[in-house]
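S.K.: This one is target.txt, compact mmCIF, C-alpha atoms.
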```
# COMPACT_ATOMS: atom_id res chain seq x y z
CA MET K 789 3.31 144.88 65.00
CA THR K 790 6.92 145.02 65.98
CA ASP K 791 8.84 141.89 65.05
CA ALA K 792 10.49 141.28 68.43
CA PRO K 793 12.47 138.21 67.34
CA GLY K 794 13.70 140.11 64.29
CA LEU K 795 14.85 143.01 66.41
CA LEU K 796 16.65 140.66 68.75
CA ARG K 797 18.37 138.98 65.81
CA SER K 798 19.45 142.37 64.42
CA ALA K 799 20.75 143.49 67.80
CA ALA K 800 22.64 140.24 68.21
CA ALA K 801 24.13 140.59 64.73
CA LEU K 802 25.25 144.15 65.44
CA GLY K 803 26.78 143.06 68.72
CA LEU K 804 28.65 140.26 66.99
CA VAL K 805 29.97 142.66 64.37
CA ALA K 806 31.15 145.02 67.09
CA ILE K 807 32.92 142.19 68.93
CA ILE K 808 34.59 140.98 65.75
CA GLY K 809 35.66 144.52 64.82
CA THR K 810 37.13 145.16 68.26
CA SER K 811 38.99 141.85 68.18
CA LEU K 812 40.42 142.62 64.75
CA LEU K 813 41.61 146.05 65.87
CA ALA K 814 43.22 144.57 68.96
CA GLY K 815 44.93 141.95 66.83
CA VAL K 816 46.26 144.50 64.35
CA HIS K 817 47.55 146.68 67.20
CA HIS K 818 49.32 143.70 68.75
CA LEU K 819 50.91 142.71 65.43
CA THR K 820 52.08 146.23 64.55
CA ARG K 821 53.10 147.50 68.00
CA ASP K 822 56.59 146.01 67.94
CA ARG K 823 57.10 147.07 64.33
CA ILE K 824 56.09 150.66 65.11
CA ALA K 825 58.36 150.75 68.17
CA ALA K 826 61.28 149.42 66.12
CA GLN K 827 60.65 152.05 63.43
CA GLU K 828 60.59 154.83 66.01
CA ARG K 829 63.87 153.62 67.49
CA ARG K 830 65.43 153.56 64.02
CA VAL K 831 64.32 157.14 63.31
CA ILE K 832 65.66 158.34 66.66
CA LEU K 833 69.02 156.64 66.07
CA GLU K 834 69.32 158.12 62.57
CA GLN K 835 68.66 161.60 63.95
CA LEU K 836 71.25 161.16 66.69
CA GLN K 837 73.87 159.74 64.36
CA GLU K 838 73.62 162.80 62.12
CA ILE K 839 75.26 164.63 65.02
CA ILE K 840 77.44 161.94 66.63
CA PRO K 841 78.55 159.30 64.07
CA ALA K 842 78.33 155.68 65.20
CA GLY K 843 82.12 155.20 65.20
CA GLU K 844 82.60 157.79 67.94
CA TYR K 845 80.79 155.88 70.70
CA ASP K 846 80.25 152.26 71.73
CA ASN K 847 77.13 152.35 73.92
CA ALA K 848 73.46 152.02 72.96
CA LEU K 849 72.96 155.74 72.40
CA GLN K 850 69.17 155.73 72.14
CA ASP K 851 68.86 153.69 75.37
CA ASP K 852 71.36 155.66 77.48
CA ARG K 853 68.98 158.51 78.12
CA PHE K 854 66.99 160.32 80.76
CA VAL K 855 64.35 163.03 80.85
CA PHE K 856 64.51 166.22 82.91
CA SER K 857 63.03 169.71 83.19
CA ASP K 858 64.63 173.04 84.00
CA GLU K 859 62.48 176.12 83.51
CA THR K 860 65.47 178.48 83.65
CA TYR K 861 67.14 177.09 80.54
CA PHE K 862 64.28 175.20 78.87
CA PRO K 863 61.11 177.23 79.54
CA GLY K 864 57.52 176.43 78.75
CA GLY K 865 57.22 173.37 80.97
CA GLN K 866 59.03 171.23 78.42
CA GLN K 867 60.69 167.91 79.11
CA VAL K 868 64.20 167.62 77.75
CA ILE K 869 65.61 164.27 76.66
CA ALA K 870 69.34 163.76 77.12
CA TYR K 871 71.00 160.99 75.11
CA ARG K 872 74.53 160.15 76.30
CA ALA K 873 77.32 158.94 74.00
CA ARG K 874 80.19 157.07 75.67
CA SER K 875 83.33 155.24 74.62
CA ALA K 876 84.69 152.55 76.96
CA GLY K 877 82.48 154.11 79.63
CA ASP K 878 83.95 157.60 79.25
CA PRO K 879 81.75 160.56 78.25
CA VAL K 880 81.93 161.55 74.59
CA ALA K 881 78.92 163.80 74.10
CA VAL K 882 75.35 164.43 75.14
CA ILE K 883 72.58 165.12 72.65
CA LEU K 884 69.74 167.19 74.05
CA ARG K 885 66.29 167.14 72.51
CA PHE K 886 64.42 170.30 73.49
CA SER K 887 62.37 173.14 72.03
CA ALA K 888 62.89 176.76 71.15
CA ILE K 889 59.48 177.94 72.35
CA ASN K 890 59.43 181.37 70.68
CA GLY K 891 59.54 180.51 67.01
CA TYR K 892 57.38 182.56 64.63
CA SER K 893 54.81 179.76 64.32
CA GLY K 894 55.34 178.00 67.63
CA GLU K 895 57.82 175.53 69.04
CA ILE K 896 60.92 174.51 67.09
CA LYS K 897 62.10 171.09 68.24
CA LEU K 898 65.89 170.84 68.26
CA LEU K 899 68.66 168.32 68.73
CA ALA K 900 71.91 169.79 70.04
CA GLY K 901 74.97 167.58 70.43
CA ILE K 902 77.46 168.90 72.98
CA LEU K 903 80.90 167.32 73.20
CA ASP K 904 82.54 166.55 76.53
CA ASP K 905 84.63 169.74 76.28
CA GLY K 906 81.56 171.96 75.76
CA ARG K 907 81.81 172.43 71.99
CA LEU K 908 78.82 171.80 69.78
CA ALA K 909 79.09 168.63 67.72
CA GLY K 910 76.11 169.84 65.73
CA VAL K 911 72.54 171.08 65.83
CA ARG K 912 69.56 169.79 63.86
CA VAL K 913 65.89 170.72 63.65
CA ALA K 914 63.70 167.74 64.51
CA ALA K 915 60.32 169.42 63.82
CA HIS K 916 58.87 172.89 63.27
CA ARG K 917 55.93 174.80 61.80
CA GLU K 918 57.79 177.83 60.47
CA THR K 919 56.71 179.55 57.27
CA PRO K 920 57.72 177.67 54.11
CA GLY K 921 60.19 179.65 52.03
CA LEU K 922 61.17 181.85 54.96
CA GLY K 923 61.62 180.24 58.36
CA ASP K 924 62.12 176.73 57.02
CA ALA K 925 65.71 177.63 56.08
CA ILE K 926 66.60 176.22 59.51
CA GLU K 927 66.19 172.76 57.97
CA ARG K 928 69.39 171.05 56.86
CA GLU K 929 67.65 170.01 53.65
CA LYS K 930 66.84 173.63 52.78
CA SER K 931 70.11 175.41 53.62
CA ASP K 932 73.46 175.09 55.40
CA TRP K 933 72.51 177.64 58.06
CA ILE K 934 72.13 175.09 60.86
CA LEU K 935 75.67 173.81 60.21
CA GLY K 936 77.02 177.13 61.45
CA PHE K 937 76.63 175.92 65.03
CA THR K 938 79.12 173.09 64.64
CA GLY K 939 82.26 173.74 66.69
CA LYS K 940 80.77 176.70 68.52
CA SER K 941 80.87 177.01 72.32
CA LEU K 942 79.99 179.55 75.00
CA GLY K 943 83.36 181.21 74.41
CA ASN K 944 83.21 180.99 70.62
CA PRO K 945 81.69 183.41 69.92
CA GLU K 946 81.78 185.61 73.01
CA PRO K 947 78.40 186.07 74.79
CA ASP K 948 77.50 189.16 72.75
CA GLY K 949 78.02 187.17 69.57
CA TRP K 950 75.30 184.68 70.46
CA ALA K 951 72.63 186.55 68.53
CA VAL K 952 71.59 187.17 64.94
CA GLU K 953 73.32 189.95 63.05
CA ARG K 954 70.32 192.27 63.41
CA ASP K 955 70.78 192.07 67.19
CA GLY K 956 74.54 192.65 66.97
CA GLY K 957 75.53 188.98 66.95
CA GLU K 958 77.47 186.71 64.61
CA PHE K 959 74.72 184.44 63.28
CA ASP K 960 73.15 185.06 59.89
CA GLN K 961 69.47 185.92 59.72
CA PHE K 962 66.98 185.11 56.99
CA THR K 963 65.56 187.77 54.72
CA GLY K 964 62.12 188.52 56.09
CA ALA K 965 62.36 185.95 58.89
CA THR K 966 64.48 187.13 61.80
CA ILE K 967 62.31 185.62 64.53
CA THR K 968 63.02 182.01 63.54
CA PRO K 969 66.85 182.09 63.60
CA ARG K 970 66.78 184.29 66.70
CA ALA K 971 64.73 181.67 68.53
CA VAL K 972 67.11 178.87 67.55
CA VAL K 973 70.25 180.81 68.49
CA GLU K 974 68.85 181.76 71.89
CA ALA K 975 67.71 178.20 72.63
CA VAL K 976 71.04 176.65 71.65
CA GLN K 977 72.95 179.16 73.77
CA ALA K 978 70.72 178.30 76.74
CA ALA K 979 71.41 174.58 76.19
CA LEU K 980 75.17 175.26 76.26
CA GLU K 981 74.78 177.26 79.46
CA TYR K 982 72.85 174.40 81.04
CA TYR K 983 75.57 171.94 79.99
CA GLU K 984 78.32 174.12 81.46
CA ARG K 985 76.60 174.06 84.85
CA ASN K 986 75.28 170.50 84.79
CA ALA K 987 77.66 168.33 82.76
CA GLY K 988 78.16 165.99 85.69
CA LEU K 989 74.44 165.41 86.11
CA LEU K 990 73.94 164.90 82.39
CA PHE K 991 76.45 162.04 82.26
CA GLU K 992 75.91 160.55 85.72
CA ALA K 993 72.12 160.44 86.06
CA PRO K 994 70.74 156.88 85.78
CA ALA K 995 69.34 155.93 82.40
CA GLU K 996 65.60 155.44 82.06
CA THR K 997 64.24 151.92 81.94
CA ALA K 998 61.20 152.65 79.76
CA ASP K 999 60.08 149.73 77.60
CA ALA K 1000 59.69 151.90 74.48
CA GLN K 1001 61.65 154.88 73.25
CA ARG K 1002 58.92 157.04 71.75
CA ILE K 1003 59.56 160.24 69.84
CA PRO K 1004 57.97 163.21 71.61
CA ASP K 1005 54.90 164.57 69.87
CA SER K 1006 55.67 167.05 67.15
```
Output the structure of this file as structure tokens.
M.R.:
Amino acid sequence: MTDAPGLLRSAAALGLVAIIGTSLLAGVHHLTRDRIAAQERRVILEQLQEIIPAGEYDNALQDDRFVFSDETYFPGGQQVIAYRARSAGDPVAVILRFSAINGYSGEIKLLAGILDDGRLAGVRVAAHRETPGLGDAIEREKSDWILGFTGKSLGNPEPDGWAVERDGGEFDQFTGATITPRAVVEAVQAALEYYERNAGLLFEAPAETADAQRIPDS
């Protein structure tokens, strides 16, 4: 015969284990949530300060931000994050986090710092899935290629120069991997064009009031 009391005891024990496990998970999440958020903020700030050093602004750079979309300049339905750097309230630079959507292996997430006068303070790759040994030369740790954007603007080079050498432009390409640098060059040029037409909006739009500054999914 079925031992009904035994089954009830087993079910009760399993239920108790489930309750304890759920409570422990909730407790761990609560204890680590603030730590994870702080770590994410630190990573974001380190990425931004590679482009705009801390001594060049006096506001909370990672908090003075807003999110927008513009399919003309940033296609693929992406949300662009704009971080604003200011000194004594005056604009210094904006750092845009966006994606080049036509990389060889998918999106290439970029940070482009644009100074108040429209020159690039610098460009960095935040995340990518390009082929190791070929497309990954866009990483600062792998080569100096990405540093070639520093100081450039829409007028330097001229519009025709905003392309890789294979397409008649002034930017180096990688042996066996033209698609990757082409995607980055085109995306950065589009970001500069957006800035030229929307600098006022970029600096004047109200900052977000989100509780946590989370890094977009890579």
S.K.: What is the atom CA of K:Gly939-atom CA of K:Gly865 distance in Å, reported with one decimal?
M.R.: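 Those two atoms sit 28.8 Å apart.
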S.K.: To one decimal in Å, tell me the separation between atom CA of K:Ala914 and atom CA of K:Val831.
M.R.: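 That distance, rounded to one decimal, is 10.7 Å.
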S.K.: Using Å and a single decimal, report how far atom CA of K:Asp960 sits from atom CA of K:Val972.
M.R.: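 Between these atoms lies a distance of 11.6 Å.
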S.K.: With distances taken over all atoms listed in the file, which residue among K:Arg872, K:Arg853, K:Arg954, K:Arg917 lies nearest K:Ile840?
M.R.: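 Ranked by minimum distance to K:Ile840, first place goes to K:Arg872.
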S.K.: Is there a way to get, as an mmCIF file with C-alpha atoms, in the frame of the given file, all residues within 7 Å of the point (59.2, 174.1, 66.9) in file coordinates, counting all atoms listed in the file?
M.R.:
```cif
data_model
loop_
_atom_site.group_PDB
_atom_site.id
_atom_site.type_symbol
_atom_site.label_atom_id
_atom_site.label_comp_id
_atom_site.auth_asym_id
_atom_site.auth_seq_id
_atom_site.Cartn_x
_atom_site.Cartn_y
_atom_site.Cartn_z
ATOM 1 C CA SER K 887 62.370 173.140 72.030
ATOM 2 C CA ALA K 888 62.890 176.760 71.150
ATOM 3 C CA ILE K 889 59.480 177.940 72.350
ATOM 4 C CA GLY K 891 59.540 180.510 67.010
ATOM 5 C CA GLY K 894 55.340 178.000 67.630
ATOM 6 C CA GLU K 895 57.820 175.530 69.040
ATOM 7 C CA ILE K 896 60.920 174.510 67.090
ATOM 8 C CA LYS K 897 62.100 171.090 68.240
ATOM 9 C CA ALA K 915 60.320 169.420 63.820
ATOM 10 C CA HIS K 916 58.870 172.890 63.270
ATOM 11 C CA ARG K 917 55.930 174.800 61.800
#
```
S.K.: For K:Gly906, which residue out of K:Trp950, K:Tyr983, K:Phe991, K:Tyr845 is the nearest one, using all atoms listed in the file?
M.R.: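 Going through K:Trp950, K:Tyr983, K:Phe991, K:Tyr845 one by one, the smallest distance to K:Gly906 is for K:Tyr983.
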S.K.: Take every atom of stretch 827-842 of chain K listed in the file, fit an axis-aligned box around them, add 3 Å per side, and give the centre and edge lengths in Å to one decimal as lines of an AutoDock Vina configuration file.
M.R.:
```
center_x = 69.6
center_y = 158.3
center_z = 64.8
size_x = 24.0
size_y = 18.6
size_z = 11.4
```
